[in-house]
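Shown next, in structure tokens, is the structure this report addresses.
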Amino acid sequence: MNNNRCFISARGGTKRSSTIVGFIFILFLVQPVAMSVAAPAPGADAMQDIQNVTTGRTGYKLAPVNEAQCEETIQYAISCLLENSLSKDEAVQIALLNNRELQARLADLGIARGDLIDAGLLKNPLLDFLYRKSNAPDTLANLEWSVTLDFLNLLTLPLRRAIAASEFETTKLEIANDVLNLAFDVQSAYYNLQAATQAGKMYQAAVNASKAAYDGAQVLHEAGNITDLAFHQEQAIYEEQKLLLAEAETETVALREELNMLMGLWGNQVAWKIPDKLPEMPAREFQGAGLESVAVYQRLDLASIRQDIETLARESGLQDATRLLPELSGQFAAERDTDGSWLRGGGVSLPIPLFNQGQGRVLKAQAKLNQARHRYYAKAVNIRSEVRKAFAQMRKNRERVRYYDKIMLPLRKRMVEESHLLFNSMDVSPFELLASKREEINAQRDRTEALRAYWVARSDLERALGGSFQCYTGPNSTPPNEGSQSNDKIRKRIPSGDAPSGTANPNSGGSATGKAGTDGSGTAATGSVAASSGGAI
Amino acid sequence: MISRRNLILTGAALAGGTLLNPPGQILAQTPSMGDKNVTDPDSVQSTVNVGNRTFSPGKPGVDYRPVVTPNLPTLPWQIVNGIKVFHLVVEEMWHEFTPGLEAICWGYNGHVHGPTLEAVEGDRVRIYVTNKLKAPTTIHWHGFLLPNGMDGVGGLTQKLINSGQTFKYEFTLRQHGSLMYHSHHDEMTQMGMGLMGSFIIHPREPVWDPPDRDFVFMLSEWRLDNGTYRPNIMEMSDFNLLTFNAKAFPGTEPLVVKSGERVRIRIGNLSAIDNHPIHLHGHSFTVMETDGGRIPESARWPETTMFVPVGTTRTIEFVAGAPGDWPLHCHMTHHTMNQMGHNTPNTVGVRNAAYDKEVQKIIPGYMTMGSEGMGDMGMMHMAMPENSVAMMGAYGPFDYITMGGMFTVLKVRENDPSLKEDASGKITDPGWYQHPEGTIAGPASVDELNQDGIKV
Ligand SMILES: [Cu+2]
């Protein structure tokens, strides 16, 4: 707009002082208005909101940003958490306190807040002063003053401020979503490492079993009773098992480093240990009904697109409103002529909508709004798919683990016993007996893998739902969003009700009967549900 | 001793030419040794008229001394219009090879192998065969001189006896000796499952001094893996269960005789592929007959081990000698083992103590076996698969007897009123022999060693 500013030059003018007073008056008049529009300090409690949603959705605490005095406390807390065996919850907590990528991401909040404050301020008026001296004798210097103010800026300030506030909300939602994702990343990485550690023990056991067979081959070979080939066959199996163990150990190192990265640990902090056995599955499983609605309702990335739609709708309104008159500025000017007389006056400048009547801008804004609505729809479809996939995988993996427990492991155990009996009756060689034992160990290892897949799928389901199970009490237990005005307003702008997102309020989904798992019992309902409302932060 | 040929001729002369018509026809048993040609069986059939028989059906205890079949009965019969009528029922059944080891086998009249059939030369026999198997079967009369249509070869000489059918075989016995019967349809399966038995034909007139005790054995072999319940008839060569009358030691009944008695033992072999050298301890015997007939006296020689090829019978005779418990067994060492697996590495001479301890950490109770041989296998009492027996043996009066499979004991006793004997001449097992003082091998004393200059 600066480039297009027009000057209306008023010549002459006698009351210099009144002109200056006028400027000051205007400035004082305008500034408080600007300040009052922006008050209270915009986005001041945004960090608190993100902390609340993190705790509400995951139960973990988030480190405050830009509070250097807390740094020491946090580092002390981390060192305490690392001292003993590190639990999954502790690992997630450390990551939320200590992951510097996350801290950098949280700093985006400050950047967005700066933008928000800027948007609430009026454009400063422009002061022009001109001094010219005539070469004619006995003439005074010609003085020219003018103050130009962008009036449209003043008129559209509330609209633009609303747009900025809406954009700020989007940023908050995106950041909060990243926080949750980090928590679930850590959770999955933890399960992967724990499973690898547990499987590592079984690789070692398989090495031991093949070592025993190898030793047996050695004594038989020394006695001259078996061929070199028979001996080397047992050795080859033994060496193979050792290599498999080495491969597994290599993989464990990588998984450990993944967790170190996520937790932001280095130096002597990396010596932590975790329990080397995955937790067993909970006796009762989270029910599947209504989960899709819950996810659509809870997911922050979906909520951020929803917020986008609001922003773009407001943007579209602004473009509509300023379609014919995109610019309007007024000017107060005073000029002392060389004869000492004053010219005072003012003027306005505005474009004549002769050719460009803003059609392009309006169309563009409409298209962007339309685009966001499609994105919202697509995201909702994807989220529903993610939920179904993660839930089905969780169930399938649960069945796999149970099948190992009920069928495969007892079968392998029995086969070892039977091999032992046939070994006693000399029908089966010691090598076959120990190979049978190795198969039993491998089955236990495969069962560990199935249990790992179960926990990762469960973690994926929590991620897909946009919050952990233990922090979820179900939409039926407390109406989650009734009376939340901001959300209601947003919902009006959400695409039609029969879209996949139409059940943004899970209560309207009809079958939202998700229930907390056994480990979720006793969670306070109100706090978490309030925080679980996507539009509430 | 008179030859069989002489007997027939003599009999014919004694009967004034009415014994058989024509008198020479019954002399068909030893064609390879006889100096007369074998007569066409059909013509024999046409001339044997039951109504014209001179001899009534042979009676046990009158016309012959019955045989004892250890572990198996003799099939009862009845006489209908001068014909001995038998009824064999082929069926599936459980059979115990030795205590702790049983399997589903095929047999006759509730027994594996079938009961012994016993008759007298010249008898007309009618044998009904009822098939209660699901599979068809036939019975072949091994070594018999009979009409071709009675030979029992499925497809070749008769239709198969289908499940549920009863067939009738009828022929006149024109020979004497130790013969056999067995399925002649799908032999690999049906004989592998146990379908066989002994058929003893006594001479009408004694041809030489009749024995005081007469025993008959059928040798056979099976594949019954540890922990299985049905013989594996697919096995071609690696049999792990070798039996006398379908019993493996210690399941075999002893042969009890009195010192000084004349003893006859008839042994037939219908094993799948193995020939068996049967050895008797403490005696010298003479092989008197094969299933082809009597061996001329000039061709006999003394033996301690009689080789019985597959598909033949051998009859030995001896006078029971010194009292005691004398083994009678196949001399092939693997044939006196029970159910031994053959796929494990040889552990003889292996130093396994340290290694065993390592393995026990992984598999509790693990123990290397056989590092000093297999002698202690039977006594180990380690957990075994279900339905399996130790490789060998049973406890004897002195120690563990490391024998199994084709092994039994000839118990020779002084005549003693406490010995109980049934009508067939079978004496109840008197228990282990009580040795006279000073007749048992034992550790040598230092004095004895010194006296004889033995340095150890
Ligand atoms: Cu043998």
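Chain identifiers are assigned as A, B, and so on, following the order in which chains appear in the structure tokens; residues are numbered from 1 within each chain, and ligands are numbered from 1 in order of appearance.
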
Could you work out which residues of chain B fall inside 8 Å of chain A? Count only C-alpha atoms, and format the result as a count of residues only.
27

At a cut-off of 8 Å and counting only C-alpha atoms and all ligand atoms, what residues surround ligand 1? Please answer as an mmCIF file with N, CA, C and O atoms, in the first residue's frame.
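For reference, out_7.cif as written:
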```cif
data_model
loop_
_atom_site.group_PDB
_atom_site.id
_atom_site.type_symbol
_atom_site.label_atom_id
_atom_site.label_comp_id
_atom_site.auth_asym_id
_atom_site.auth_seq_id
_atom_site.Cartn_x
_atom_site.Cartn_y
_atom_site.Cartn_z
ATOM 1 N N LEU B 242 11.659 -108.021 15.724
ATOM 2 C CA LEU B 242 11.855 -109.366 15.178
ATOM 3 C C LEU B 242 11.214 -110.339 16.140
ATOM 4 O O LEU B 242 11.480 -110.285 17.341
ATOM 5 N N ASP B 274 14.215 -110.895 5.663
ATOM 6 C CA ASP B 274 15.379 -111.409 6.386
ATOM 7 C C ASP B 274 15.335 -112.920 6.595
ATOM 8 O O ASP B 274 14.312 -113.485 6.960
ATOM 9 N N ASN B 275 16.487 -113.522 6.380
ATOM 10 C CA ASN B 275 16.697 -114.925 6.703
ATOM 11 C C ASN B 275 17.282 -114.977 8.112
ATOM 12 O O ASN B 275 17.996 -114.061 8.528
ATOM 13 N N HIS B 276 16.984 -116.035 8.824
ATOM 14 C CA HIS B 276 17.403 -116.043 10.225
ATOM 15 C C HIS B 276 18.169 -117.310 10.580
ATOM 16 O O HIS B 276 17.620 -118.416 10.456
ATOM 17 N N PRO B 277 19.398 -117.169 11.031
ATOM 18 C CA PRO B 277 20.135 -118.321 11.558
ATOM 19 C C PRO B 277 19.734 -118.551 13.022
ATOM 20 O O PRO B 277 20.126 -117.794 13.899
ATOM 21 N N ILE B 278 18.940 -119.598 13.236
ATOM 22 C CA ILE B 278 18.424 -119.835 14.585
ATOM 23 C C ILE B 278 19.358 -120.790 15.321
ATOM 24 O O ILE B 278 19.633 -121.908 14.860
ATOM 25 N N CYS B 330 17.806 -116.083 17.214
ATOM 26 C CA CYS B 330 18.448 -115.742 15.946
ATOM 27 C C CYS B 330 19.849 -115.263 16.249
ATOM 28 O O CYS B 330 20.079 -114.532 17.211
ATOM 29 N N HIS B 331 20.791 -115.665 15.418
ATOM 30 C CA HIS B 331 22.175 -115.300 15.716
ATOM 31 C C HIS B 331 22.593 -113.983 15.092
ATOM 32 O O HIS B 331 23.728 -113.542 15.228
ATOM 33 N N MET B 332 21.690 -113.317 14.390
ATOM 34 C CA MET B 332 22.010 -111.978 13.880
ATOM 35 C C MET B 332 21.800 -111.003 15.038
ATOM 36 O O MET B 332 20.697 -110.888 15.567
ATOM 37 N N THR B 333 22.871 -110.309 15.409
ATOM 38 C CA THR B 333 22.834 -109.567 16.682
ATOM 39 C C THR B 333 21.755 -108.489 16.710
ATOM 40 O O THR B 333 21.125 -108.268 17.729
ATOM 41 N N HIS B 334 21.535 -107.841 15.579
ATOM 42 C CA HIS B 334 20.501 -106.797 15.576
ATOM 43 C C HIS B 334 19.099 -107.380 15.645
ATOM 44 O O HIS B 334 18.145 -106.648 15.847
ATOM 45 N N HIS B 335 19.011 -108.722 15.426
ATOM 46 C CA HIS B 335 17.687 -109.346 15.483
ATOM 47 C C HIS B 335 17.309 -109.734 16.898
ATOM 48 O O HIS B 335 16.219 -110.233 17.145
ATOM 49 N N THR B 336 18.211 -109.513 17.836
ATOM 50 C CA THR B 336 17.868 -109.734 19.242
ATOM 51 C C THR B 336 17.896 -108.404 20.000
ATOM 52 O O THR B 336 18.280 -108.307 21.153
ATOM 53 N N MET B 406 14.118 -111.860 18.646
ATOM 54 C CA MET B 406 14.028 -113.295 18.389
ATOM 55 C C MET B 406 14.856 -114.052 19.403
ATOM 56 O O MET B 406 15.971 -114.515 19.124
#
```

Enumerate the residues of region 87-278 of chain B with a DSSP assignment of alpha helix (DSSP H), computed from the backbone, and present them as an MDAnalysis selection string.
chainID B and resid 187:192

Okay, now the selection with all heavy atoms, as a tab-separated table (two decimals), in the first residue's frame?
```tsv
chain	number	residue	atom	x	y	z
B	187	GLU	N	0.56	-108.68	-0.40
B	187	GLU	CA	1.36	-109.35	0.64
B	187	GLU	C	2.16	-108.37	1.48
B	187	GLU	O	2.30	-108.52	2.69
B	187	GLU	CB	2.33	-110.34	0.00
B	187	GLU	CG	1.65	-111.59	-0.49
B	187	GLU	CD	2.67	-112.66	-0.87
B	187	GLU	OE1	3.81	-112.29	-1.18
B	187	GLU	OE2	2.32	-113.84	-0.83
B	188	MET	N	2.73	-107.37	0.81
B	188	MET	CA	3.57	-106.41	1.53
B	188	MET	C	2.80	-105.85	2.71
B	188	MET	O	3.30	-105.76	3.83
B	188	MET	CB	3.98	-105.29	0.58
B	188	MET	CG	4.87	-104.25	1.20
B	188	MET	SD	4.99	-102.79	0.15
B	188	MET	CE	3.67	-101.80	0.84
B	189	THR	N	1.54	-105.46	2.45
B	189	THR	CA	0.73	-104.90	3.53
B	189	THR	C	0.24	-106.01	4.47
B	189	THR	O	0.43	-105.93	5.68
B	189	THR	CB	-0.51	-104.18	2.94
B	189	THR	OG1	-0.07	-103.17	2.06
B	189	THR	CG2	-1.35	-103.57	4.05
B	190	GLN	N	-0.37	-107.04	3.87
B	190	GLN	CA	-1.13	-107.97	4.71
B	190	GLN	C	-0.22	-108.87	5.52
B	190	GLN	O	-0.51	-109.17	6.68
B	190	GLN	CB	-2.10	-108.77	3.83
B	190	GLN	CG	-3.07	-107.83	3.09
B	190	GLN	CD	-4.39	-108.46	2.71
B	190	GLN	OE1	-4.56	-109.68	2.78
B	190	GLN	NE2	-5.34	-107.64	2.31
B	191	MET	N	0.92	-109.27	4.96
B	191	MET	CA	1.87	-110.06	5.76
B	191	MET	C	2.62	-109.14	6.71
B	191	MET	O	2.94	-109.51	7.84
B	191	MET	CB	2.82	-110.83	4.85
B	191	MET	CG	2.08	-111.91	4.06
B	191	MET	SD	3.12	-112.76	2.87
B	191	MET	CE	4.09	-113.81	3.96
B	192	GLY	N	2.84	-107.90	6.26
B	192	GLY	CA	3.47	-106.91	7.15
B	192	GLY	C	2.60	-106.61	8.36
B	192	GLY	O	3.10	-106.21	9.40
```

What parts of region 175-271 of chain B does DSSP call strand (DSSP E)? I'd like the answer as a PyMOL selection string.
chain B and resi 177-182+196-202+213-222+241-244+255-258+262-269

Extract, using only C-alpha atoms, all DNA, RNA and protein residues at most 7 Å from Glu327 (chain A), discarding same-chain residues fewer than 3 positions from it, and format them as a PyMOL selection string.
chain A and resi 152+350-351

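The residue that comes closest to Gly251 (chain B), out of B:Tyr433, B:Phe97, B:Tyr64, B:Trp301 and on the basis of only C-alpha atoms, is B:Phe97.
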
Which residues are near Ile233 (chain B)? Cut-off 12 Å, only C-alpha atoms, ignore same chain within fewer than 5 positions. Put them as a short mmCIF file (atom, residue, chain, number, x, y, z; two decimals) with C-alpha atoms, in the first residue's frame.
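Final file, out.cif:
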```cif
data_model
loop_
_atom_site.label_atom_id
_atom_site.label_comp_id
_atom_site.auth_asym_id
_atom_site.auth_seq_id
_atom_site.Cartn_x
_atom_site.Cartn_y
_atom_site.Cartn_z
CA CYS B 105 -2.34 -105.69 13.58
CA TRP B 106 -4.20 -108.08 11.34
CA ASP B 186 -1.20 -107.28 -1.22
CA GLU B 187 1.36 -109.35 0.64
CA MET B 188 3.57 -106.41 1.53
CA THR B 189 0.73 -104.90 3.53
CA GLN B 190 -1.13 -107.97 4.71
CA MET B 191 1.87 -110.06 5.76
CA GLY B 192 3.47 -106.91 7.15
CA MET B 193 0.36 -106.57 9.31
CA GLY B 194 0.63 -110.17 10.48
CA GLU B 221 9.64 -109.03 11.29
CA TRP B 222 7.97 -105.65 11.72
CA ARG B 223 8.63 -101.97 11.65
CA LEU B 224 7.03 -100.39 14.68
CA ASP B 225 8.60 -97.07 15.60
CA ASP B 238 15.14 -101.59 8.31
CA PHE B 239 12.93 -103.69 10.59
CA SER B 271 9.71 -112.35 7.35
CA ALA B 272 9.60 -109.61 4.72
#
```

List the spatial neighbours of Asp320 (chain A) as an mmCIF file with N, CA and C atoms, in the first residue's frame - criterion: any atom at most 12 Å away, only C-alpha atoms, same-chain residues fewer than 6 positions off excluded.
```cif
data_model
loop_
_atom_site.group_PDB
_atom_site.id
_atom_site.type_symbol
_atom_site.label_atom_id
_atom_site.label_comp_id
_atom_site.auth_asym_id
_atom_site.auth_seq_id
_atom_site.Cartn_x
_atom_site.Cartn_y
_atom_site.Cartn_z
ATOM 1 N N THR A 156 -10.672 -2.024 8.501
ATOM 2 C CA THR A 156 -10.626 -3.492 8.414
ATOM 3 C C THR A 156 -9.832 -4.113 9.555
ATOM 4 N N LEU A 159 -11.404 -7.116 11.341
ATOM 5 C CA LEU A 159 -11.433 -8.288 10.471
ATOM 6 C C LEU A 159 -10.074 -8.959 10.376
ATOM 7 N N LEU A 312 -9.685 -18.998 6.309
ATOM 8 C CA LEU A 312 -9.896 -18.694 4.899
ATOM 9 C C LEU A 312 -11.280 -18.106 4.649
ATOM 10 N N ALA A 313 -12.230 -18.517 5.484
ATOM 11 C CA ALA A 313 -13.563 -17.936 5.351
ATOM 12 C C ALA A 313 -13.521 -16.450 5.702
ATOM 13 N N ARG A 314 -12.807 -16.150 6.769
ATOM 14 C CA ARG A 314 -12.665 -14.735 7.161
ATOM 15 C C ARG A 314 -11.905 -13.959 6.086
ATOM 16 N N PRO A 326 -10.012 -1.522 -2.343
ATOM 17 C CA PRO A 326 -8.942 -2.192 -1.624
ATOM 18 C C PRO A 326 -8.072 -1.209 -0.832
ATOM 19 N N GLN A 357 -11.966 -4.919 -10.507
ATOM 20 C CA GLN A 357 -12.964 -4.779 -9.448
ATOM 21 C C GLN A 357 -12.787 -5.864 -8.387
ATOM 22 N N GLY A 358 -11.512 -6.372 -8.333
ATOM 23 C CA GLY A 358 -11.193 -7.339 -7.276
ATOM 24 C C GLY A 358 -11.698 -8.764 -7.561
ATOM 25 N N GLN A 359 -12.143 -9.002 -8.816
ATOM 26 C CA GLN A 359 -12.685 -10.334 -9.129
ATOM 27 C C GLN A 359 -11.652 -11.434 -8.831
ATOM 28 N N GLY A 360 -10.406 -11.168 -9.230
ATOM 29 C CA GLY A 360 -9.346 -12.169 -9.065
ATOM 30 C C GLY A 360 -9.134 -12.513 -7.601
ATOM 31 N N ARG A 361 -9.043 -11.486 -6.781
ATOM 32 C CA ARG A 361 -8.766 -11.727 -5.358
ATOM 33 C C ARG A 361 -9.907 -12.507 -4.707
ATOM 34 N N VAL A 362 -11.110 -12.117 -5.078
ATOM 35 C CA VAL A 362 -12.272 -12.788 -4.482
ATOM 36 C C VAL A 362 -12.312 -14.256 -4.906
ATOM 37 N N LEU A 363 -12.063 -14.488 -6.189
ATOM 38 C CA LEU A 363 -12.086 -15.859 -6.699
ATOM 39 C C LEU A 363 -11.010 -16.709 -6.031
ATOM 40 N N LYS A 364 -9.850 -16.087 -5.892
ATOM 41 C CA LYS A 364 -8.715 -16.802 -5.298
ATOM 42 C C LYS A 364 -9.047 -17.199 -3.856
ATOM 43 N N ALA A 365 -9.600 -16.266 -3.130
ATOM 44 C CA ALA A 365 -9.937 -16.542 -1.732
ATOM 45 C C ALA A 365 -10.996 -17.638 -1.645
ATOM 46 N N GLN A 366 -11.965 -17.585 -2.548
ATOM 47 C CA GLN A 366 -13.017 -18.616 -2.566
ATOM 48 C C GLN A 366 -12.419 -19.992 -2.863
#
```

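In terms of minimum interatomic distance to Gly317 (chain A), A:Leu369 ranks closest within A:Leu130, A:Ala196, A:Ile78, A:Leu369, counting only C-alpha atoms.
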
Tell me, as JSON, numbers by chain, which residues lie within 8 Å of Tyr128 (chain B), counting only C-alpha atoms; anything in the same chain fewer than 6 positions away does not count.
{"B": [85, 86, 87, 88, 166, 167, 168, 169]}

Leaving out Arg412 (chain A) and any residue of its chain fewer than 2 positions from it, which residues lie within 10 Å of it when counting only C-alpha atoms, given as an MDAnalysis selection string?
chainID A and resid 404 407:410 414:418 436:444

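Pairwise distance (CA of Val92 (chain A), CA of Leu62 (chain A)) equals 10.2 Å.
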
Contact table region 336-428 of chain A vs region 270-292 of chain A, cut-off 12 Å, shortest pair per residue, only C-alpha atoms, as a Markdown table:
```
| residue | atom | partner | partner_atom | distance |
| --- | --- | --- | --- | --- |
| A:Ala380 | CA | A:Glu292 | CA | 9.3 |
| A:Val381 | CA | A:Glu292 | CA | 9.7 |
| A:Asn382 | CA | A:Glu292 | CA | 10.4 |
| A:Ile383 | CA | A:Glu292 | CA | 7.6 |
| A:Arg384 | CA | A:Glu292 | CA | 5.2 |
| A:Ser385 | CA | A:Glu292 | CA | 8.3 |
| A:Glu386 | CA | A:Glu292 | CA | 8.9 |
| A:Val387 | CA | A:Glu292 | CA | 6.1 |
| A:Arg388 | CA | A:Glu292 | CA | 7.4 |
| A:Lys389 | CA | A:Glu292 | CA | 10.8 |
| A:Ala390 | CA | A:Gly288 | CA | 10.5 |
| A:Phe391 | CA | A:Gly288 | CA | 7.0 |
| A:Ala392 | CA | A:Gly288 | CA | 8.8 |
| A:Gln393 | CA | A:Gly288 | CA | 11.8 |
| A:Met394 | CA | A:Glu285 | CA | 9.4 |
| A:Arg395 | CA | A:Glu285 | CA | 8.4 |
| A:Lys396 | CA | A:Glu285 | CA | 11.9 |
| A:Asn397 | CA | A:Met281 | CA | 10.3 |
| A:Arg398 | CA | A:Met281 | CA | 7.7 |
| A:Glu399 | CA | A:Met281 | CA | 10.8 |
| A:Arg400 | CA | A:Met281 | CA | 11.7 |
| A:Val401 | CA | A:Met281 | CA | 8.9 |
| A:Arg402 | CA | A:Met281 | CA | 9.6 |
| A:Asp405 | CA | A:Glu280 | CA | 11.5 |
```

So that I have them on file, write out the residues from the current selection with N, CA and C atoms, as a CSV table (one decimal), in the first residue's frame.
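See part.csv below for the written result:
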```
chain,number,residue,atom,x,y,z
A,380,ALA,N,-10.2,-36.3,7.1
A,380,ALA,CA,-11.1,-37.1,7.9
A,380,ALA,C,-11.2,-38.5,7.4
A,381,VAL,N,-11.2,-38.7,6.0
A,381,VAL,CA,-11.3,-40.0,5.4
A,381,VAL,C,-10.0,-40.8,5.9
A,382,ASN,N,-8.9,-40.2,5.8
A,382,ASN,CA,-7.6,-40.8,6.1
A,382,ASN,C,-7.6,-41.2,7.6
A,383,ILE,N,-8.1,-40.3,8.4
A,383,ILE,CA,-8.0,-40.6,9.8
A,383,ILE,C,-8.9,-41.8,10.2
A,384,ARG,N,-10.1,-41.9,9.6
A,384,ARG,CA,-10.9,-43.0,9.8
A,384,ARG,C,-10.2,-44.3,9.4
A,385,SER,N,-9.5,-44.2,8.2
A,385,SER,CA,-8.8,-45.4,7.7
A,385,SER,C,-7.7,-45.8,8.7
A,386,GLU,N,-6.9,-44.8,9.2
A,386,GLU,CA,-5.9,-45.0,10.1
A,386,GLU,C,-6.4,-45.7,11.4
A,387,VAL,N,-7.5,-45.3,11.9
A,387,VAL,CA,-8.1,-45.9,13.1
A,387,VAL,C,-8.5,-47.3,12.8
A,388,ARG,N,-9.2,-47.6,11.7
A,388,ARG,CA,-9.5,-48.9,11.4
A,388,ARG,C,-8.3,-49.8,11.2
A,389,LYS,N,-7.3,-49.3,10.6
A,389,LYS,CA,-6.1,-50.1,10.3
A,389,LYS,C,-5.4,-50.4,11.7
A,390,ALA,N,-5.2,-49.4,12.5
A,390,ALA,CA,-4.5,-49.6,13.7
A,390,ALA,C,-5.3,-50.5,14.6
A,391,PHE,N,-6.6,-50.3,14.7
A,391,PHE,CA,-7.4,-51.2,15.5
A,391,PHE,C,-7.4,-52.6,15.1
A,392,ALA,N,-7.5,-52.8,13.8
A,392,ALA,CA,-7.5,-54.2,13.3
A,392,ALA,C,-6.1,-54.8,13.5
A,393,GLN,N,-5.1,-54.1,13.3
A,393,GLN,CA,-3.8,-54.6,13.6
A,393,GLN,C,-3.6,-55.0,15.0
A,394,MET,N,-4.1,-54.1,15.9
A,394,MET,CA,-4.0,-54.4,17.3
A,394,MET,C,-4.7,-55.7,17.6
A,395,ARG,N,-5.9,-55.8,17.1
A,395,ARG,CA,-6.7,-57.1,17.4
A,395,ARG,C,-6.0,-58.3,16.8
A,396,LYS,N,-5.5,-58.2,15.5
A,396,LYS,CA,-4.9,-59.3,14.9
A,396,LYS,C,-3.6,-59.7,15.7
A,397,ASN,N,-2.9,-58.7,16.0
A,397,ASN,CA,-1.6,-59.1,16.8
A,397,ASN,C,-2.0,-59.7,18.1
A,398,ARG,N,-3.0,-59.2,18.7
A,398,ARG,CA,-3.5,-59.8,20.0
A,398,ARG,C,-3.8,-61.3,19.8
A,399,GLU,N,-4.5,-61.5,18.7
A,399,GLU,CA,-4.8,-62.9,18.4
A,399,GLU,C,-3.6,-63.8,18.2
A,400,ARG,N,-2.6,-63.1,17.5
A,400,ARG,CA,-1.4,-63.8,17.2
A,400,ARG,C,-0.7,-64.2,18.5
A,401,VAL,N,-0.6,-63.3,19.4
A,401,VAL,CA,0.1,-63.5,20.7
A,401,VAL,C,-0.6,-64.6,21.4
A,402,ARG,N,-2.0,-64.5,21.4
A,402,ARG,CA,-2.8,-65.6,22.1
A,402,ARG,C,-2.6,-66.9,21.5
A,405,ASP,N,0.5,-68.4,22.6
A,405,ASP,CA,0.3,-68.9,24.0
A,405,ASP,C,-0.5,-70.2,24.1
```
